[in-house]
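Q: Take a look at model-v4.pdb, PDB, C-alpha atoms and all ligand atoms:
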ATOM      1  CA  MET A 404      34.520  17.538 -12.368
ATOM      2  CA  ALA A 405      35.886  14.148 -13.323
ATOM      3  CA  ALA A 406      33.545  11.168 -13.372
ATOM      4  CA  LYS A 407      33.000   8.655 -10.609
ATOM      5  CA  ILE A 408      34.754   5.404 -11.532
ATOM      6  CA  ILE A 409      32.376   2.434 -11.353
ATOM      7  CA  ASP A 410      34.501  -0.257  -9.716
ATOM      8  CA  GLY A 411      33.370  -3.558 -11.249
ATOM      9  CA  LYS A 412      36.091  -5.475  -9.483
ATOM     10  CA  ALA A 413      34.832  -4.378  -6.064
ATOM     11  CA  VAL A 414      31.176  -5.118  -6.913
ATOM     12  CA  ALA A 415      32.199  -8.523  -8.281
ATOM     13  CA  GLN A 416      34.147  -9.340  -5.097
ATOM     14  CA  GLN A 417      31.217  -8.354  -2.924
ATOM     15  CA  MET A 418      28.786 -10.489  -4.936
ATOM     16  CA  GLN A 419      31.163 -13.447  -4.904
ATOM     17  CA  GLU A 420      31.331 -13.250  -1.095
ATOM     18  CA  GLU A 421      27.529 -13.482  -1.063
ATOM     19  CA  PHE A 422      27.619 -16.503  -3.397
ATOM     20  CA  LYS A 423      30.147 -18.240  -1.146
ATOM     21  CA  SER A 424      27.687 -18.384   1.724
ATOM     22  CA  GLU A 425      24.801 -19.264  -0.615
ATOM     23  CA  VAL A 426      26.757 -22.243  -1.978
ATOM     24  CA  ARG A 427      27.725 -23.340   1.539
ATOM     25  CA  GLN A 428      24.056 -23.271   2.586
ATOM     26  CA  LEU A 429      22.995 -25.240  -0.500
ATOM     27  CA  GLN A 430      25.554 -27.887   0.431
ATOM     28  CA  GLU A 431      24.705 -28.045   4.128
ATOM     29  CA  LYS A 432      20.913 -27.889   3.837
ATOM     30  CA  GLU A 433      20.243 -29.650   0.526
ATOM     31  CA  GLY A 434      23.407 -31.641  -0.176
ATOM     32  CA  ILE A 435      23.770 -29.856  -3.537
ATOM     33  CA  THR A 436      27.131 -28.668  -4.872
ATOM     34  CA  PRO A 437      26.649 -26.522  -8.004
ATOM     35  CA  GLY A 438      28.882 -27.662 -10.858
ATOM     36  CA  LEU A 439      30.038 -25.879 -14.017
ATOM     37  CA  THR A 440      31.684 -27.613 -16.968
ATOM     38  CA  VAL A 441      33.639 -25.438 -19.392
ATOM     39  CA  VAL A 442      34.609 -26.738 -22.820
ATOM     40  CA  LEU A 443      37.481 -25.157 -24.714
ATOM     41  CA  VAL A 444      38.307 -26.208 -28.262
ATOM     42  CA  GLY A 445      41.676 -25.084 -29.601
ATOM     43  CA  GLU A 446      44.389 -22.809 -28.261
ATOM     44  CA  ASP A 447      43.105 -19.251 -28.624
ATOM     45  CA  PRO A 448      45.218 -17.374 -26.020
ATOM     46  CA  ALA A 449      42.417 -15.022 -24.859
ATOM     47  CA  SER A 450      40.002 -17.947 -24.493
ATOM     48  CA  GLN A 451      42.583 -19.856 -22.447
ATOM     49  CA  VAL A 452      42.822 -16.929 -20.015
ATOM     50  CA  TYR A 453      39.010 -16.621 -19.761
ATOM     51  CA  VAL A 454      38.606 -20.346 -19.119
ATOM     52  CA  LYS A 455      41.291 -20.322 -16.432
ATOM     53  CA  ASN A 456      39.674 -17.335 -14.708
ATOM     54  CA  LYS A 457      36.247 -18.999 -14.799
ATOM     55  CA  GLY A 458      37.692 -22.087 -13.071
ATOM     56  CA  LEU A 459      39.406 -19.986 -10.400
ATOM     57  CA  ALA A 460      36.228 -17.998  -9.705
ATOM     58  CA  CYS A 461      34.248 -21.240  -9.288
ATOM     59  CA  GLN A 462      36.808 -22.554  -6.809
ATOM     60  CA  LYS A 463      36.650 -19.329  -4.840
ATOM     61  CA  VAL A 464      32.912 -19.594  -4.170
ATOM     62  CA  GLY A 465      32.768 -23.395  -3.798
ATOM     63  CA  ILE A 466      31.284 -24.290  -7.189
ATOM     64  CA  GLN A 467      32.720 -27.527  -8.629
ATOM     65  CA  SER A 468      34.458 -26.781 -11.887
ATOM     66  CA  PHE A 469      35.214 -29.247 -14.661
ATOM     67  CA  GLU A 470      37.192 -28.546 -17.805
ATOM     68  CA  HIS A 471      37.411 -30.238 -21.184
ATOM     69  CA  ARG A 472      40.227 -28.976 -23.391
ATOM     70  CA  LEU A 473      39.995 -30.394 -26.887
ATOM     71  CA  PRO A 474      42.400 -30.014 -29.820
ATOM     72  CA  ALA A 475      41.594 -27.423 -32.514
ATOM     73  CA  ASP A 476      40.899 -30.153 -35.092
ATOM     74  CA  THR A 477      38.206 -31.871 -32.981
ATOM     75  CA  PRO A 478      35.395 -32.935 -35.343
ATOM     76  CA  GLU A 479      31.999 -31.291 -34.858
ATOM     77  CA  ASP A 480      30.239 -34.569 -34.106
ATOM     78  CA  GLU A 481      32.721 -35.347 -31.354
ATOM     79  CA  LEU A 482      31.953 -32.008 -29.691
ATOM     80  CA  LEU A 483      28.225 -32.696 -30.063
ATOM     81  CA  LYS A 484      28.715 -36.063 -28.365
ATOM     82  CA  LEU A 485      30.514 -34.390 -25.458
ATOM     83  CA  VAL A 486      27.718 -31.818 -25.074
ATOM     84  CA  ASP A 487      25.200 -34.655 -25.093
ATOM     85  CA  ARG A 488      27.122 -36.463 -22.381
ATOM     86  CA  LEU A 489      27.284 -33.295 -20.263
ATOM     87  CA  ASN A 490      23.536 -32.766 -20.754
ATOM     88  CA  GLY A 491      23.058 -36.031 -18.856
ATOM     89  CA  ASP A 492      25.838 -35.558 -16.288
ATOM     90  CA  ASP A 493      24.322 -35.027 -12.805
ATOM     91  CA  ARG A 494      27.347 -33.158 -11.427
ATOM     92  CA  THR A 495      27.177 -30.599 -14.269
ATOM     93  CA  HIS A 496      24.458 -28.002 -13.693
ATOM     94  CA  GLY A 497      25.921 -25.461 -16.092
ATOM     95  CA  ILE A 498      27.580 -26.060 -19.466
ATOM     96  CA  LEU A 499      29.686 -23.395 -21.143
ATOM     97  CA  VAL A 500      31.293 -23.912 -24.538
ATOM     98  CA  GLN A 501      33.861 -21.151 -24.917
ATOM     99  CA  LEU A 502      33.486 -19.062 -28.072
ATOM    100  CA  PRO A 503      34.812 -18.546 -30.684
ATOM    101  CA  LEU A 504      34.939 -22.128 -31.929
ATOM    102  CA  PRO A 505      37.278 -23.217 -34.768
ATOM    103  CA  LYS A 506      35.938 -22.393 -38.243
ATOM    104  CA  HIS A 507      34.986 -25.984 -39.189
ATOM    105  CA  ILE A 508      32.498 -26.182 -36.303
ATOM    106  CA  ASN A 509      28.999 -24.716 -36.664
ATOM    107  CA  GLU A 510      28.630 -22.568 -33.549
ATOM    108  CA  ALA A 511      24.827 -22.402 -33.677
ATOM    109  CA  LYS A 512      24.575 -26.185 -33.944
ATOM    110  CA  ILE A 513      26.657 -26.603 -30.779
ATOM    111  CA  LEU A 514      24.814 -23.926 -28.792
ATOM    112  CA  ASN A 515      21.463 -25.437 -29.810
ATOM    113  CA  ALA A 516      22.589 -28.838 -28.501
ATOM    114  CA  ILE A 517      23.078 -27.590 -24.927
ATOM    115  CA  ARG A 518      20.075 -28.318 -22.699
ATOM    116  CA  PRO A 519      18.346 -24.946 -22.161
ATOM    117  CA  ASP A 520      18.134 -25.589 -18.407
ATOM    118  CA  LYS A 521      21.938 -26.006 -18.266
ATOM    119  CA  ASP A 522      22.658 -23.092 -20.615
ATOM    120  CA  VAL A 523      24.305 -20.729 -18.125
ATOM    121  CA  ASP A 524      25.504 -18.498 -20.996
ATOM    122  CA  GLY A 525      21.877 -17.803 -21.957
ATOM    123  CA  PHE A 526      22.738 -18.314 -25.659
ATOM    124  CA  HIS A 527      20.270 -21.117 -26.519
ATOM    125  CA  PRO A 528      17.373 -19.880 -28.705
ATOM    126  CA  VAL A 529      14.902 -20.968 -26.007
ATOM    127  CA  ASN A 530      16.634 -18.705 -23.491
ATOM    128  CA  VAL A 531      16.962 -15.859 -26.010
ATOM    129  CA  GLY A 532      13.206 -16.158 -26.601
ATOM    130  CA  LYS A 533      12.430 -16.224 -22.884
ATOM    131  CA  LEU A 534      14.466 -13.036 -22.422
ATOM    132  CA  MET A 535      12.472 -11.385 -25.202
ATOM    133  CA  ILE A 536       9.173 -12.031 -23.387
ATOM    134  CA  GLY A 537      10.500 -11.124 -19.931
ATOM    135  CA  GLU A 538      10.619 -14.691 -18.591
ATOM    136  CA  ALA A 539      14.338 -15.420 -18.621
ATOM    137  CA  ASP A 540      15.830 -18.070 -16.333
ATOM    138  CA  PHE A 541      19.363 -17.168 -17.417
ATOM    139  CA  LEU A 542      20.356 -13.693 -18.533
ATOM    140  CA  PRO A 543      23.494 -13.703 -20.698
ATOM    141  CA  CYS A 544      26.403 -12.933 -18.393
ATOM    142  CA  THR A 545      27.875  -9.698 -19.780
ATOM    143  CA  PRO A 546      24.534  -7.880 -20.184
ATOM    144  CA  ALA A 547      23.407  -9.127 -16.757
ATOM    145  CA  GLY A 548      26.646  -7.770 -15.287
ATOM    146  CA  ILE A 549      26.070  -4.406 -16.932
ATOM    147  CA  GLN A 550      22.555  -4.136 -15.477
ATOM    148  CA  GLU A 551      23.876  -5.084 -12.035
ATOM    149  CA  LEU A 552      26.604  -2.412 -12.246
ATOM    150  CA  LEU A 553      24.048   0.224 -13.234
ATOM    151  CA  ILE A 554      21.744  -0.733 -10.359
ATOM    152  CA  ARG A 555      24.487  -0.966  -7.743
ATOM    153  CA  SER A 556      26.077   2.339  -8.806
ATOM    154  CA  GLY A 557      22.734   4.064  -8.198
ATOM    155  CA  THR A 558      22.231   5.045 -11.847
ATOM    156  CA  GLN A 559      18.683   6.106 -12.719
ATOM    157  CA  ILE A 560      17.613   3.523 -15.305
ATOM    158  CA  GLU A 561      13.848   3.957 -15.375
ATOM    159  CA  GLY A 562      12.905   6.448 -18.070
ATOM    160  CA  ALA A 563      16.544   7.012 -19.033
ATOM    161  CA  ASP A 564      17.630   7.343 -22.651
ATOM    162  CA  VAL A 565      19.995   4.399 -23.134
ATOM    163  CA  VAL A 566      22.091   4.214 -26.277
ATOM    164  CA  VAL A 567      23.829   0.918 -27.072
ATOM    165  CA  VAL A 568      26.722   0.915 -29.542
ATOM    166  CA  GLY A 569      26.971  -2.562 -31.094
ATOM    167  CA  ARG A 570      24.357  -5.165 -32.026
ATOM    168  CA  SER A 571      26.010  -8.487 -31.193
ATOM    169  CA  ASN A 572      23.993 -11.456 -29.958
ATOM    170  CA  ILE A 573      26.206 -11.635 -26.857
ATOM    171  CA  VAL A 574      26.036  -7.990 -25.703
ATOM    172  CA  GLY A 575      24.276  -5.347 -27.818
ATOM    173  CA  LYS A 576      20.957  -7.017 -28.547
ATOM    174  CA  PRO A 577      20.443  -8.661 -25.130
ATOM    175  CA  ILE A 578      21.372  -5.568 -23.053
ATOM    176  CA  ALA A 579      18.910  -3.523 -25.092
ATOM    177  CA  MET A 580      16.218  -6.140 -24.450
ATOM    178  CA  ILE A 581      16.980  -6.304 -20.718
ATOM    179  CA  LEU A 582      16.873  -2.546 -20.147
ATOM    180  CA  CYS A 583      13.604  -1.971 -22.001
ATOM    181  CA  GLN A 584      11.703  -4.641 -20.029
ATOM    182  CA  LYS A 585       8.756  -3.620 -17.891
ATOM    183  CA  ALA A 586      10.627  -4.446 -14.692
ATOM    184  CA  SER A 587      12.606  -2.857 -11.879
ATOM    185  CA  GLY A 588      16.161  -2.020 -12.907
ATOM    186  CA  ALA A 589      14.853  -1.475 -16.443
ATOM    187  CA  ASN A 590      12.003   0.572 -18.026
ATOM    188  CA  ALA A 591      14.515   2.557 -20.108
ATOM    189  CA  THR A 592      14.086   3.969 -23.604
ATOM    190  CA  VAL A 593      16.667   2.125 -25.675
ATOM    191  CA  THR A 594      18.339   2.835 -29.017
ATOM    192  CA  ILE A 595      20.654   0.298 -30.668
ATOM    193  CA  THR A 596      23.318   1.732 -32.966
ATOM    194  CA  HIS A 597      25.791  -0.155 -35.161
ATOM    195  CA  THR A 598      28.284   0.101 -37.992
ATOM    196  CA  ARG A 599      25.606   1.190 -40.490
ATOM    197  CA  THR A 600      24.131   3.869 -38.215
ATOM    198  CA  ARG A 601      24.038   7.296 -39.863
ATOM    199  CA  ASN A 602      25.641  10.002 -37.738
ATOM    200  CA  MET A 603      26.512   7.934 -34.675
ATOM    201  CA  ALA A 604      27.398  10.989 -32.556
ATOM    202  CA  GLU A 605      23.880  12.404 -32.904
ATOM    203  CA  HIS A 606      22.610   9.325 -31.082
ATOM    204  CA  THR A 607      25.382   8.956 -28.515
ATOM    205  CA  ARG A 608      25.079  12.647 -27.498
ATOM    206  CA  ARG A 609      21.480  12.048 -26.449
ATOM    207  CA  ALA A 610      22.346   9.188 -24.071
ATOM    208  CA  ASP A 611      21.849   9.359 -20.309
ATOM    209  CA  ILE A 612      23.427   5.899 -20.241
ATOM    210  CA  LEU A 613      25.851   4.930 -23.015
ATOM    211  CA  ILE A 614      26.789   1.249 -23.373
ATOM    212  CA  VAL A 615      29.657   0.655 -25.753
ATOM    213  CA  ALA A 616      30.405  -2.754 -27.283
ATOM    214  CA  ALA A 617      31.827  -1.592 -30.595
ATOM    215  CA  GLY A 618      34.931  -3.778 -30.702
ATOM    216  CA  ARG A 619      37.172  -0.838 -31.589
ATOM    217  CA  PRO A 620      39.511   1.215 -29.345
ATOM    218  CA  LYS A 621      38.494   4.870 -28.838
ATOM    219  CA  ALA A 622      35.255   4.418 -30.824
ATOM    220  CA  ILE A 623      33.702   6.927 -28.414
ATOM    221  CA  THR A 624      35.439  10.251 -27.743
ATOM    222  CA  ALA A 625      34.598  13.157 -25.413
ATOM    223  CA  ASP A 626      32.871  15.187 -28.163
ATOM    224  CA  MET A 627      30.392  12.312 -28.678
ATOM    225  CA  VAL A 628      28.873  12.309 -25.181
ATOM    226  CA  LYS A 629      26.592  14.527 -23.128
ATOM    227  CA  SER A 630      27.744  16.093 -19.889
ATOM    228  CA  GLY A 631      26.704  13.908 -16.935
ATOM    229  CA  VAL A 632      26.313  10.667 -18.935
ATOM    230  CA  THR A 633      26.977   7.258 -17.354
ATOM    231  CA  VAL A 634      29.302   5.266 -19.629
ATOM    232  CA  ILE A 635      29.645   1.467 -19.603
ATOM    233  CA  ASP A 636      32.634   0.301 -21.647
ATOM    234  CA  VAL A 637      32.375  -3.361 -22.696
ATOM    235  CA  GLY A 638      35.415  -3.303 -24.999
ATOM    236  CA  VAL A 639      38.566  -5.314 -24.424
ATOM    237  CA  ASN A 640      41.343  -4.368 -26.860
ATOM    238  CA  ARG A 641      45.022  -5.243 -26.667
ATOM    239  CA  LEU A 642      47.209  -2.293 -27.724
ATOM    240  CA  PRO A 643      50.586  -2.769 -29.429
ATOM    241  CA  ASP A 644      52.290  -2.064 -26.062
ATOM    242  CA  LYS A 645      50.276  -5.073 -24.674
ATOM    243  CA  LYS A 646      48.143  -2.819 -22.450
ATOM    244  CA  LEU A 647      44.386  -3.432 -22.305
ATOM    245  CA  CYS A 648      41.982  -0.681 -23.291
ATOM    246  CA  GLY A 649      38.274  -0.385 -23.859
ATOM    247  CA  ASP A 650      36.206   1.036 -26.718
ATOM    248  CA  VAL A 651      35.918   4.437 -25.021
ATOM    249  CA  ASP A 652      38.596   7.126 -24.890
ATOM    250  CA  PHE A 653      38.619   6.894 -21.096
ATOM    251  CA  ASP A 654      40.877   9.894 -20.351
ATOM    252  CA  GLY A 655      38.819  12.262 -22.482
ATOM    253  CA  VAL A 656      35.330  10.961 -21.688
ATOM    254  CA  LYS A 657      35.850  10.816 -17.909
ATOM    255  CA  GLU A 658      36.100  14.630 -17.873
ATOM    256  CA  VAL A 659      32.572  14.923 -19.304
ATOM    257  CA  ALA A 660      30.739  11.893 -17.853
ATOM    258  CA  SER A 661      29.337  11.615 -14.337
ATOM    259  CA  ALA A 662      30.260   7.931 -14.054
ATOM    260  CA  ILE A 663      32.324   5.525 -16.154
ATOM    261  CA  THR A 664      33.602   1.934 -15.997
ATOM    262  CA  PRO A 665      37.365   1.388 -16.414
ATOM    263  CA  VAL A 666      39.017  -1.293 -18.581
ATOM    264  CA  PRO A 667      40.213  -3.504 -17.013
ATOM    265  CA  GLY A 668      38.230  -3.672 -13.761
ATOM    266  CA  GLY A 669      34.781  -2.643 -15.015
ATOM    267  CA  VAL A 670      32.473  -4.999 -16.891
ATOM    268  CA  GLY A 671      34.977  -7.906 -17.144
ATOM    269  CA  PRO A 672      34.867  -9.116 -13.527
ATOM    270  CA  MET A 673      31.070  -8.824 -13.580
ATOM    271  CA  THR A 674      30.733 -11.239 -16.522
ATOM    272  CA  ILE A 675      32.346 -14.077 -14.573
ATOM    273  CA  THR A 676      30.328 -13.178 -11.486
ATOM    274  CA  MET A 677      27.044 -13.508 -13.373
ATOM    275  CA  LEU A 678      28.206 -16.876 -14.714
ATOM    276  CA  LEU A 679      28.576 -18.032 -11.105
ATOM    277  CA  LYS A 680      25.121 -16.646 -10.344
ATOM    278  CA  ASN A 681      23.594 -18.540 -13.290
ATOM    279  CA  THR A 682      25.346 -21.765 -12.285
ATOM    280  CA  ILE A 683      23.935 -21.579  -8.753
ATOM    281  CA  LYS A 684      20.509 -20.841 -10.226
ATOM    282  CA  ALA A 685      20.798 -23.799 -12.638
ATOM    283  CA  ALA A 686      21.637 -26.104  -9.713
ATOM    284  CA  ARG A 687      18.586 -24.844  -7.807
ATOM    285  CA  LEU A 688      16.268 -25.186 -10.805
ATOM    286  CA  LEU A 689      17.511 -28.675 -11.689
ATOM    287  CA  HIS A 690      17.003 -29.810  -8.070
ATOM    288  CA  LYS A 691      13.811 -27.716  -7.684
ATOM    289  CA  LYS A 692      15.274 -25.844  -4.665
TER     290      LYS A 692
HETATM  291  N1  LIG B 701      33.621 -15.764 -25.541
HETATM  292  C1  LIG B 701      33.635 -14.446 -25.218
HETATM  293  N2  LIG B 701      32.656 -14.172 -24.337
HETATM  294  C2  LIG B 701      32.009 -15.331 -24.105
HETATM  295  C3  LIG B 701      30.909 -15.694 -23.269
HETATM  296  O1  LIG B 701      30.311 -14.878 -22.574
HETATM  297  N3  LIG B 701      30.556 -17.010 -23.307
HETATM  298  C4  LIG B 701      31.196 -17.928 -24.065
HETATM  299  N4  LIG B 701      30.741 -19.176 -24.039
HETATM  300  N5  LIG B 701      32.215 -17.622 -24.848
HETATM  301  C5  LIG B 701      32.619 -16.331 -24.855
END
Just give me the structure of the file as structure tokens.
A:
Amino acid sequence: MAAKIIDGKAVAQQMQEEFKSEVRQLQEKEGITPGLTVVLVGEDPASQVYVKNKGLACQKVGIQSFEHRLPADTPEDELLKLVDRLNGDDRTHGILVQLPLPKHINEAKILNAIRPDKDVDGFHPVNVGKLMIGEADFLPCTPAGIQELLIRSGTQIEGADVVVVGRSNIVGKPIAMILCQKASGANATVTITHTRTRNMAEHTRRADILIVAAGRPKAITADMVKSGVTVIDVGVNRLPDKKLCGDVDFDGVKEVASAITPVPGGVGPMTITMLLKNTIKAARLLHKK
């Protein structure tokens, strides 16, 4: 039997409807309008699309959205000055500097300059540390979206064998940390695999939940998964025919899995949704509401 398709777009829409009324209430009762400022340096086409979509999603739920588009040759100290200004800007509750940054800018230096209580990406070392000890204010958006999809699709997480393919700071490491926490929606046994893993398929075949952020189309094929597995595909790859595809061979794997996320329409819409969630939370925390 073919797998159930986990519809991230539908879950995202439902959550965004909930945020719309939450934002309206914050405005009416507390006079607070959550605000997100996105900074884009350079002209990377994918980043331009992401930034546009983030702005549109904010508008949809009533979050104020501000954008700074800077030329690719912007000096590092100028970007630091902007971040500093946004740190002190009362209308900006969340700051997001779109990655990747141009090569001449030290990414870590910029991320470290963002006030941790406005760091809606959850990338600041303070927030990474808080996640590690189970006290996160802001979960990074893509991993948070993955956990939400697993919970809302009724996947058994507690006690499950989760295998993560990929060890990035944005997805692989944080999702592993989130799912092994002693908390509801977690309590899983987690393995992280990566490009130096010996015999990848031996690990992936053991997974009850397989989370793939490998950065390579068709990195996971049907022979590499167990019957009944739940597969979360984080990959976004542009094929020569311009079509989008994930890191999982969807057509093959869906015949073996019990549930699987599509690309597009799986994890992607959830990432933006969790950014909205973090921005509303930042506004509440900053105003102590
Ligand atoms: N580039 C790709 N994904 C992300 C993300 O989640 N946050 C930021 N800031 N940049 C990204």
Q: Translate the PyMOL selection byres (((chain A and resi 408) around 8) and not hetatm) into a concrete residue list for this structure, as a list in words.
A: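 Evaluating the PyMOL selection byres (((chain A and resi 408) around 8) and not hetatm) on this file yields Ala406, Lys407, Ile409, Asp410, Ala662, Ile663, Thr664 and Pro665 of chain A.
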Q: List, as a VMD selection string, every residue that the PyMOL selection byres (((chain A and resi 628-631) around 12) and not hetatm) selects in the file provided.
A: chain A and resid 404 to 407 558 to 559 564 566 603 to 615 622 to 627 632 to 634 651 to 653 655 to 663
Q: Do you know which residues are within 6 Å of ligand LIG 701 (chain B) using only C-alpha atoms and all ligand atoms? Can you write them as number ranges by chain?
A: A: 499-503, 524
Q: Store the residues picked out above, limited to C-alpha atoms, as an mmCIF file, in the coordinates of the input.
A:
data_model
loop_
_atom_site.group_PDB
_atom_site.id
_atom_site.type_symbol
_atom_site.label_atom_id
_atom_site.label_comp_id
_atom_site.auth_asym_id
_atom_site.auth_seq_id
_atom_site.Cartn_x
_atom_site.Cartn_y
_atom_site.Cartn_z
ATOM 1 C CA LEU A 499 29.686 -23.395 -21.143
ATOM 2 C CA VAL A 500 31.293 -23.912 -24.538
ATOM 3 C CA GLN A 501 33.861 -21.151 -24.917
ATOM 4 C CA LEU A 502 33.486 -19.062 -28.072
ATOM 5 C CA PRO A 503 34.812 -18.546 -30.684
ATOM 6 C CA ASP A 524 25.504 -18.498 -20.996
#
Q: Any idea what's packed within 6 Å of A:Thr596, counting all atoms listed in the file, ignoring anything in its chain fewer than 3 positions away? Could you give it as a ChimeraX atom specification?
A: /A:567-569,600
Q: Translate the PyMOL selection byres (((chain A and resi 440) around 6) and not hetatm), as applied to the file shown, into an explicit residue set as an MDAnalysis selection string.
A: chainID A and resid 439 441 468:470 498
Q: Atom CA of A:Gly434 and atom CA of A:Asp487 are how many Å apart?
A: 25.2 Å
Q: Please indicate the distance in Å from atom CA of A:Ala685 to atom CA of A:Val523, rounded to one decimal place.
A: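 One can read the atom CA of A:Ala685 to atom CA of A:Val523 distance as 7.2 Å.
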Q: Excluding stretch 416-418 of chain A and its own-chain neighbours fewer than 3 positions away, which residues fall within 10 Å of it when counting only C-alpha atoms? Please give them as a count of residues only.
A: 12
Q: Around the point (24.0, -1.9, -19.7), in the coordinates given by the file, pick out the residues reaching within 6 Å, counting all atoms listed in the file, and return them as an mmCIF file with C-alpha atoms, keeping the file's coordinate frame.
A:
data_model
loop_
_atom_site.group_PDB
_atom_site.id
_atom_site.type_symbol
_atom_site.label_atom_id
_atom_site.label_comp_id
_atom_site.auth_asym_id
_atom_site.auth_seq_id
_atom_site.Cartn_x
_atom_site.Cartn_y
_atom_site.Cartn_z
ATOM 1 C CA ILE A 549 26.070 -4.406 -16.932
ATOM 2 C CA GLN A 550 22.555 -4.136 -15.477
ATOM 3 C CA ILE A 578 21.372 -5.568 -23.053
ATOM 4 C CA ILE A 614 26.789 1.249 -23.373
#
Q: Neighbouring residues of A:Met580 were defined as those with any atom within 9 Å, considering all atoms listed in the file; residues of the same chain fewer than 6 positions away were excluded. Please report them as a ChimeraX atom specification.
A: /A:534-535,537,593
Q: Please list as a ChimeraX atom specification every residue within 10 Å of A:Ile554, counting all atoms listed in the file and excluding residues in the same chain fewer than 5 positions away.
A: /A:548-549,559-560,587-589
Q: So which one's closest to A:Lys533, A:Leu514, A:Pro546, A:Glu420, A:Pro519? Using only C-alpha atoms, please.
A: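 Among the listed residues, A:Pro519 lies closest to A:Lys533.
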Q: Check the smallest atom-to-atom distance from each of A:Gly649, A:Pro478, A:Gly669, A:Pro643 to A:Asn509 using all atoms listed in the file, then report the winner.
A: A:Pro478
Q: Smallest atom-to-atom distance to A:Ala415: which of A:Lys484, A:His507, A:Lys455, A:Arg555, using only C-alpha atoms?
A: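 Checking each of A:Lys484, A:His507, A:Lys455, A:Arg555 against A:Ala415, counting only C-alpha atoms, the winner is A:Arg555.
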Q: Show which residues sit within 9 Å of A:Val444, as a VMD selection string. Count all atoms listed in the file, and ignore same-chain residues fewer than 6 positions away.
A: chain A and resid 471 to 477 482 500 to 505
Q: Quick one: of A:Ala563, A:Leu688, A:Leu483, A:Ala617, who's nearest to A:Lys521, counting only C-alpha atoms?
A: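 Closest to A:Lys521, using only C-alpha atoms: A:Leu688.
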Q: In Å, with one decimal, what is the gap from atom CA of A:Asp493 to atom CA of A:Gln467?
A: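 Value for the atom CA of A:Asp493-atom CA of A:Gln467 distance: 12.0 Å.
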